[in-house]
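S.K.: Structure file query-v4.pdb (PDB, C-alpha atoms) right here:
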MODEL        1
ATOM      1  CA  MET A 759       0.000   0.000   0.000
ATOM      2  CA  ALA A 760       2.067   2.840  -1.381
ATOM      3  CA  ILE A 761       1.162   6.438  -0.701
ATOM      4  CA  PRO A 762       1.602   8.940  -3.551
ATOM      5  CA  LYS A 763       4.874  10.884  -3.389
ATOM      6  CA  ARG A 764       3.127  14.182  -4.034
ATOM      7  CA  ILE A 765      -0.085  15.162  -2.287
ATOM      8  CA  ILE A 766      -1.892  18.419  -3.008
ATOM      9  CA  LEU A 767      -4.595  19.637  -0.630
ATOM     10  CA  ILE A 768      -7.320  21.906  -1.975
ATOM     11  CA  GLY A 769     -10.483  23.286  -0.437
ATOM     12  CA  MET A 770     -12.164  26.316   0.961
ATOM     13  CA  LYS A 771     -10.577  28.824   3.337
ATOM     14  CA  SER A 772     -10.453  27.416   6.886
ATOM     15  CA  SER A 773     -10.915  23.833   5.703
ATOM     16  CA  GLY A 774      -7.749  22.807   7.543
ATOM     17  CA  LYS A 775      -5.485  22.311   4.523
ATOM     18  CA  THR A 776      -2.387  23.798   6.128
ATOM     19  CA  THR A 777      -2.740  22.098   9.497
ATOM     20  CA  ALA A 778      -3.682  18.700   8.045
ATOM     21  CA  GLY A 779      -0.941  19.113   5.441
ATOM     22  CA  ARG A 780       1.740  19.718   8.071
ATOM     23  CA  LEU A 781       0.576  16.693  10.037
ATOM     24  CA  LEU A 782       0.434  14.510   6.945
ATOM     25  CA  ALA A 783       3.911  15.568   5.793
ATOM     26  CA  ARG A 784       5.334  14.926   9.251
ATOM     27  CA  LYS A 785       3.719  11.495   9.400
ATOM     28  CA  LEU A 786       5.055  10.590   5.943
ATOM     29  CA  GLY A 787       8.477  12.147   6.563
ATOM     30  CA  ILE A 788       8.252  14.408   3.513
ATOM     31  CA  ARG A 789       8.426  18.147   2.852
ATOM     32  CA  PHE A 790       5.446  20.398   3.547
ATOM     33  CA  ILE A 791       4.874  23.368   1.238
ATOM     34  CA  ASP A 792       2.402  26.130   2.064
ATOM     35  CA  MET A 793       1.374  27.992  -1.083
ATOM     36  CA  ASP A 794       0.703  31.160   0.913
ATOM     37  CA  ALA A 795       4.317  31.132   2.132
ATOM     38  CA  GLU A 796       5.503  30.620  -1.455
ATOM     39  CA  ILE A 797       3.530  33.695  -2.547
ATOM     40  CA  GLU A 798       5.028  35.709   0.319
ATOM     41  CA  ARG A 799       8.531  34.565  -0.691
ATOM     42  CA  LEU A 800       7.971  35.399  -4.368
ATOM     43  CA  HIS A 801       6.494  38.803  -3.522
ATOM     44  CA  ALA A 802       9.483  39.623  -1.288
ATOM     45  CA  GLU A 803      11.934  38.557  -4.019
ATOM     46  CA  LYS A 804      10.199  40.719  -6.618
ATOM     47  CA  THR A 805       9.475  43.808  -4.525
ATOM     48  CA  GLY A 806      11.771  43.648  -1.495
ATOM     49  CA  GLU A 807       8.607  43.961   0.589
ATOM     50  CA  ARG A 808       7.957  41.294   3.222
ATOM     51  CA  LEU A 809       4.213  40.995   3.822
ATOM     52  CA  PRO A 810       1.860  38.256   4.986
ATOM     53  CA  PHE A 811      -0.224  36.886   2.097
ATOM     54  CA  ARG A 812      -3.403  38.570   3.396
ATOM     55  CA  GLU A 813      -1.665  41.954   3.323
ATOM     56  CA  ILE A 814      -0.392  41.293  -0.195
ATOM     57  CA  PHE A 815      -3.987  40.657  -1.270
ATOM     58  CA  LYS A 816      -5.278  43.777   0.529
ATOM     59  CA  LYS A 817      -2.490  46.074  -0.627
ATOM     60  CA  ARG A 818      -2.025  44.851  -4.206
ATOM     61  CA  GLY A 819      -5.487  43.482  -5.011
ATOM     62  CA  GLY A 820      -6.883  40.184  -6.173
ATOM     63  CA  GLU A 821      -5.534  40.367  -9.719
ATOM     64  CA  TYR A 822      -1.950  40.852  -8.537
ATOM     65  CA  PHE A 823      -2.385  38.124  -5.917
ATOM     66  CA  ARG A 824      -3.771  35.583  -8.410
ATOM     67  CA  ALA A 825      -0.935  36.323 -10.855
ATOM     68  CA  ALA A 826       1.619  35.851  -8.052
ATOM     69  CA  GLU A 827      -0.116  32.622  -7.050
ATOM     70  CA  THR A 828       0.150  31.232 -10.586
ATOM     71  CA  GLU A 829       3.768  32.342 -10.908
ATOM     72  CA  ALA A 830       4.652  30.660  -7.604
ATOM     73  CA  LEU A 831       2.840  27.485  -8.673
ATOM     74  CA  ARG A 832       4.684  27.438 -12.026
ATOM     75  CA  SER A 833       7.963  27.784 -10.139
ATOM     76  CA  LEU A 834       7.099  24.897  -7.828
ATOM     77  CA  ALA A 835       5.847  22.700 -10.667
ATOM     78  CA  GLY A 836       9.076  23.180 -12.586
ATOM     79  CA  GLY A 837      11.487  23.091  -9.690
ATOM     80  CA  MET A 838      10.591  20.079  -7.588
ATOM     81  CA  GLY A 839      12.313  17.334  -9.598
ATOM     82  CA  ASP A 840      11.409  13.979  -8.058
ATOM     83  CA  ALA A 841      10.958  15.385  -4.540
ATOM     84  CA  SER A 842       8.097  14.141  -2.393
ATOM     85  CA  PHE A 843       5.879  16.732  -0.737
ATOM     86  CA  VAL A 844       2.517  17.749   0.641
ATOM     87  CA  LEU A 845       1.298  21.045  -0.829
ATOM     88  CA  SER A 846      -1.418  23.142   0.785
ATOM     89  CA  THR A 847      -3.012  25.541  -1.704
ATOM     90  CA  GLY A 848      -4.959  28.739  -1.227
ATOM     91  CA  CYS A 849      -8.708  28.416  -1.709
ATOM     92  CA  GLY A 850      -8.736  30.451  -4.929
ATOM     93  CA  LEU A 851      -5.756  28.806  -6.611
ATOM     94  CA  PRO A 852      -7.710  25.963  -8.304
ATOM     95  CA  LEU A 853     -10.118  28.419  -9.941
ATOM     96  CA  ALA A 854      -7.739  29.267 -12.815
ATOM     97  CA  GLU A 855      -7.531  26.677 -15.597
ATOM     98  CA  GLU A 856      -3.742  26.990 -15.847
ATOM     99  CA  ASN A 857      -3.435  26.274 -12.141
ATOM    100  CA  ARG A 858      -5.685  23.208 -12.414
ATOM    101  CA  ARG A 859      -3.528  21.889 -15.249
ATOM    102  CA  LEU A 860      -0.360  22.464 -13.216
ATOM    103  CA  LEU A 861      -1.835  20.851 -10.102
ATOM    104  CA  ARG A 862      -2.970  17.759 -12.022
ATOM    105  CA  GLY A 863       0.561  17.333 -13.319
ATOM    106  CA  MET A 864       2.176  17.801  -9.921
ATOM    107  CA  GLY A 865       0.587  14.996  -7.916
ATOM    108  CA  THR A 866      -2.523  13.540  -6.331
ATOM    109  CA  VAL A 867      -5.089  16.252  -5.618
ATOM    110  CA  VAL A 868      -7.174  15.829  -2.459
ATOM    111  CA  PHE A 869     -10.241  18.007  -1.766
ATOM    112  CA  LEU A 870     -10.940  18.632   1.934
ATOM    113  CA  ASP A 871     -14.699  19.131   1.758
ATOM    114  CA  VAL A 872     -15.759  20.623   5.083
ATOM    115  CA  ARG A 873     -19.401  20.969   6.100
ATOM    116  CA  ASP A 874     -20.822  24.438   5.470
ATOM    117  CA  ASP A 875     -21.734  25.121   9.108
ATOM    118  CA  VAL A 876     -18.214  24.258  10.267
ATOM    119  CA  LEU A 877     -16.631  26.434   7.562
ATOM    120  CA  LEU A 878     -18.864  29.386   8.369
ATOM    121  CA  GLU A 879     -18.026  29.240  12.069
ATOM    122  CA  ARG A 880     -14.282  28.961  11.400
ATOM    123  CA  ILE A 881     -14.243  31.751   8.811
ATOM    124  CA  VAL A 882     -16.356  34.212  10.793
ATOM    125  CA  SER A 883     -14.271  33.632  13.927
ATOM    126  CA  ARG A 884     -11.226  35.008  12.052
ATOM    127  CA  GLY A 885     -12.992  37.958  10.449
ATOM    128  CA  ILE A 886     -14.884  38.279   7.185
ATOM    129  CA  PRO A 887     -12.497  37.733   4.258
ATOM    130  CA  ALA A 888     -12.071  40.396   1.574
ATOM    131  CA  PHE A 889     -13.355  38.032  -1.132
ATOM    132  CA  PHE A 890     -16.784  37.592   0.512
ATOM    133  CA  PRO A 891     -19.267  39.415  -1.752
ATOM    134  CA  TYR A 892     -21.670  40.281   1.110
ATOM    135  CA  PRO A 893     -19.652  41.304   4.185
ATOM    136  CA  ASP A 894     -22.879  41.869   6.135
ATOM    137  CA  ASP A 895     -24.201  38.407   5.229
ATOM    138  CA  PRO A 896     -21.375  35.872   5.596
ATOM    139  CA  ARG A 897     -23.726  32.881   5.283
ATOM    140  CA  ARG A 898     -25.012  34.075   1.906
ATOM    141  CA  SER A 899     -21.444  34.866   0.807
ATOM    142  CA  LEU A 900     -20.223  31.397   1.731
ATOM    143  CA  GLU A 901     -23.192  29.686   0.064
ATOM    144  CA  GLU A 902     -22.574  31.528  -3.214
ATOM    145  CA  ILE A 903     -18.842  30.906  -3.140
ATOM    146  CA  LEU A 904     -19.268  27.211  -2.357
ATOM    147  CA  ALA A 905     -21.872  26.833  -5.113
ATOM    148  CA  ALA A 906     -19.251  28.059  -7.582
ATOM    149  CA  ARG A 907     -16.152  26.405  -6.088
ATOM    150  CA  ARG A 908     -17.247  22.959  -4.951
ATOM    151  CA  PRO A 909     -17.758  21.729  -8.531
ATOM    152  CA  VAL A 910     -14.298  23.046  -9.470
ATOM    153  CA  TYR A 911     -12.670  21.408  -6.450
ATOM    154  CA  SER A 912     -14.543  18.128  -7.026
ATOM    155  CA  GLY A 913     -13.678  18.094 -10.718
ATOM    156  CA  LEU A 914      -9.987  18.580 -10.015
ATOM    157  CA  ALA A 915      -9.576  16.210  -7.080
ATOM    158  CA  ALA A 916      -8.698  12.550  -7.410
ATOM    159  CA  ILE A 917      -9.902  12.098  -3.823
ATOM    160  CA  ARG A 918     -12.599  13.912  -1.833
ATOM    161  CA  VAL A 919     -12.371  13.752   1.968
ATOM    162  CA  GLU A 920     -15.507  14.755   3.871
ATOM    163  CA  CYS A 921     -14.669  16.683   7.030
ATOM    164  CA  GLY A 922     -16.665  18.087   9.894
ATOM    165  CA  ALA A 923     -15.437  19.667  13.096
ATOM    166  CA  GLU A 924     -12.957  16.886  13.858
ATOM    167  CA  PRO A 925      -9.489  17.784  15.118
ATOM    168  CA  PRO A 926      -6.827  18.233  12.396
ATOM    169  CA  ASP A 927      -5.083  14.952  13.219
ATOM    170  CA  VAL A 928      -8.327  13.067  12.528
ATOM    171  CA  ASN A 929      -8.679  14.757   9.140
ATOM    172  CA  ALA A 930      -5.030  14.061   8.303
ATOM    173  CA  GLU A 931      -5.659  10.411   9.140
ATOM    174  CA  LYS A 932      -8.767  10.410   6.905
ATOM    175  CA  VAL A 933      -6.658  11.739   4.039
ATOM    176  CA  LEU A 934      -4.022   9.071   4.632
ATOM    177  CA  ARG A 935      -6.620   6.269   4.725
ATOM    178  CA  GLN A 936      -8.242   7.462   1.492
ATOM    179  CA  LEU A 937      -4.868   7.793  -0.230
ATOM    180  CA  GLU A 938      -4.003   4.243   0.829
ATOM    181  CA  ALA A 939      -7.384   2.944  -0.375
ATOM    182  CA  SER A 940      -6.983   4.796  -3.672
ATOM    183  CA  GLU A 941      -3.527   3.306  -4.257
ATOM    184  CA  ASP A 942      -4.831  -0.179  -3.396
ATOM    185  CA  GLU A 943      -7.449   0.180  -6.145
ATOM    186  CA  ASN A 944      -4.827   1.032  -8.790
TER     187      ASN A 944
ENDMDL
END
Starting from the file, lay out its structure as structure tokens.

M.R.:
Amino acid sequence: MAIPKRIILIGMKSSGKTTAGRLLARKLGIRFIDMDAEIERLHAEKTGERLPFREIFKKRGGEYFRAAETEALRSLAGGMGDASFVLSTGCGLPLAEENRRLLRGMGTVVFLDVRDDVLLERIVSRGIPAFFPYPDDPRRSLEEILAARRPVYSGLAAIRVECGAEPPDVNAEKVLRQLEASEDEN
């Protein structure tokens, strides 16, 4: 029962991609890559300005951020050789066709599909994100965003892991079990 060498976690904001990804990488003894950190690194290299990814988005706008995201993904896709890794993506990264193509070629894509009520609670607890279309109605914002994104995430992913409010280690274990089951089928 071999686990894929390259695992890519996608899903909505606050779905636990980064935390589960770190745990999964640690358990497998492979490198963890956080796409947000890659964007921060690329932005600093290009501008000399060190900012958290949220500040980059706020200061430079969504178009700049998405372009930086794609550039960082291209760099990763071309620079990893045969290295094993777990990659945690930003929630908007899979929306661009070029990014989906790159992700498919990089490894096994896993969609962490978290229940709406759990997502809403997690997101609101950290403040309404800039990409929510209705800041005064976060539930409506999330419903509209999920209606558009879930089909994209599902269409890209080789594996879909249903998650609720479980602790991150439980979700990481779910991912591992489904990866093992998927490899057993092949």

S.K.: From the options A:Ala826, A:Ile886, A:Met864, A:Leu877, which residue's atoms come nearest to A:Gly839, counting all atoms listed in the file?

M.R.: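 Answer, going by the shortest atom-to-atom distance: A:Met864.
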
S.K.: Step by step, work through what the PyMOL selection byres ((chain A and resi 775-789) around 7) selects in the shown file, and finish by giving those residues as a CSV table (one decimal) with C-alpha atoms, keeping the file's coordinate frame.

M.R.:
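Writing done, so here's expr.csv:
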chain,number,residue,atom,x,y,z
A,767,LEU,CA,-4.6,19.6,-0.6
A,768,ILE,CA,-7.3,21.9,-2.0
A,773,SER,CA,-10.9,23.8,5.7
A,774,GLY,CA,-7.7,22.8,7.5
A,790,PHE,CA,5.4,20.4,3.5
A,791,ILE,CA,4.9,23.4,1.2
A,792,ASP,CA,2.4,26.1,2.1
A,842,SER,CA,8.1,14.1,-2.4
A,843,PHE,CA,5.9,16.7,-0.7
A,844,VAL,CA,2.5,17.7,0.6
A,845,LEU,CA,1.3,21.0,-0.8
A,846,SER,CA,-1.4,23.1,0.8
A,926,PRO,CA,-6.8,18.2,12.4
A,927,ASP,CA,-5.1,15.0,13.2
A,929,ASN,CA,-8.7,14.8,9.1
A,930,ALA,CA,-5.0,14.1,8.3

S.K.: For stretch 795-800 of chain A, find every residue with an atom within 10 Å (counting all atoms listed in the file), except residues of its own chain fewer than 5 positions away, and show them as a list in words.

M.R.: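 Once the adjacent positions are removed, what remains is Thr805, Gly806, Glu807, Arg808, Leu809, Pro810, Phe811, Arg812, Glu813, Ile814, Phe823, Arg824, Ala825, Ala826, Glu827, Thr828, Glu829, Ala830, Leu831, Ser833, Leu834, Ser846, Thr847 and Gly848 of chain A.
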
S.K.: Near stretch 908-915 of chain A, counting all atoms listed in the file, which residues have an atom at most 6 Å away, once you skip same-chain residues fewer than 4 positions from it, shown as a PDB file with C-alpha atoms, keeping the file's coordinate frame?

M.R.:
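Generated output (selection22.pdb):
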ATOM      1  CA  VAL A 867      -5.089  16.252  -5.618  1.00  0.00           C
ATOM      2  CA  VAL A 868      -7.174  15.829  -2.459  1.00  0.00           C
ATOM      3  CA  PHE A 869     -10.241  18.007  -1.766  1.00  0.00           C
ATOM      4  CA  LEU A 904     -19.268  27.211  -2.357  1.00  0.00           C
TER       5      LEU A 904
END

S.K.: When you draw a straight line from atom CA of A:Gly865 to atom CA of A:Ile765, how long is it in Å?

M.R.: 5.7 Å

S.K.: For each of A:Met770, A:Ala835, A:Leu934, A:Ala802, take the minimum atom-to-atom distance to A:Pro887, counting all atoms listed in the file, then give the residue where this is smallest.

M.R.: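 Comparing A:Met770, A:Ala835, A:Leu934, A:Ala802 against A:Pro887, the winner is A:Met770.
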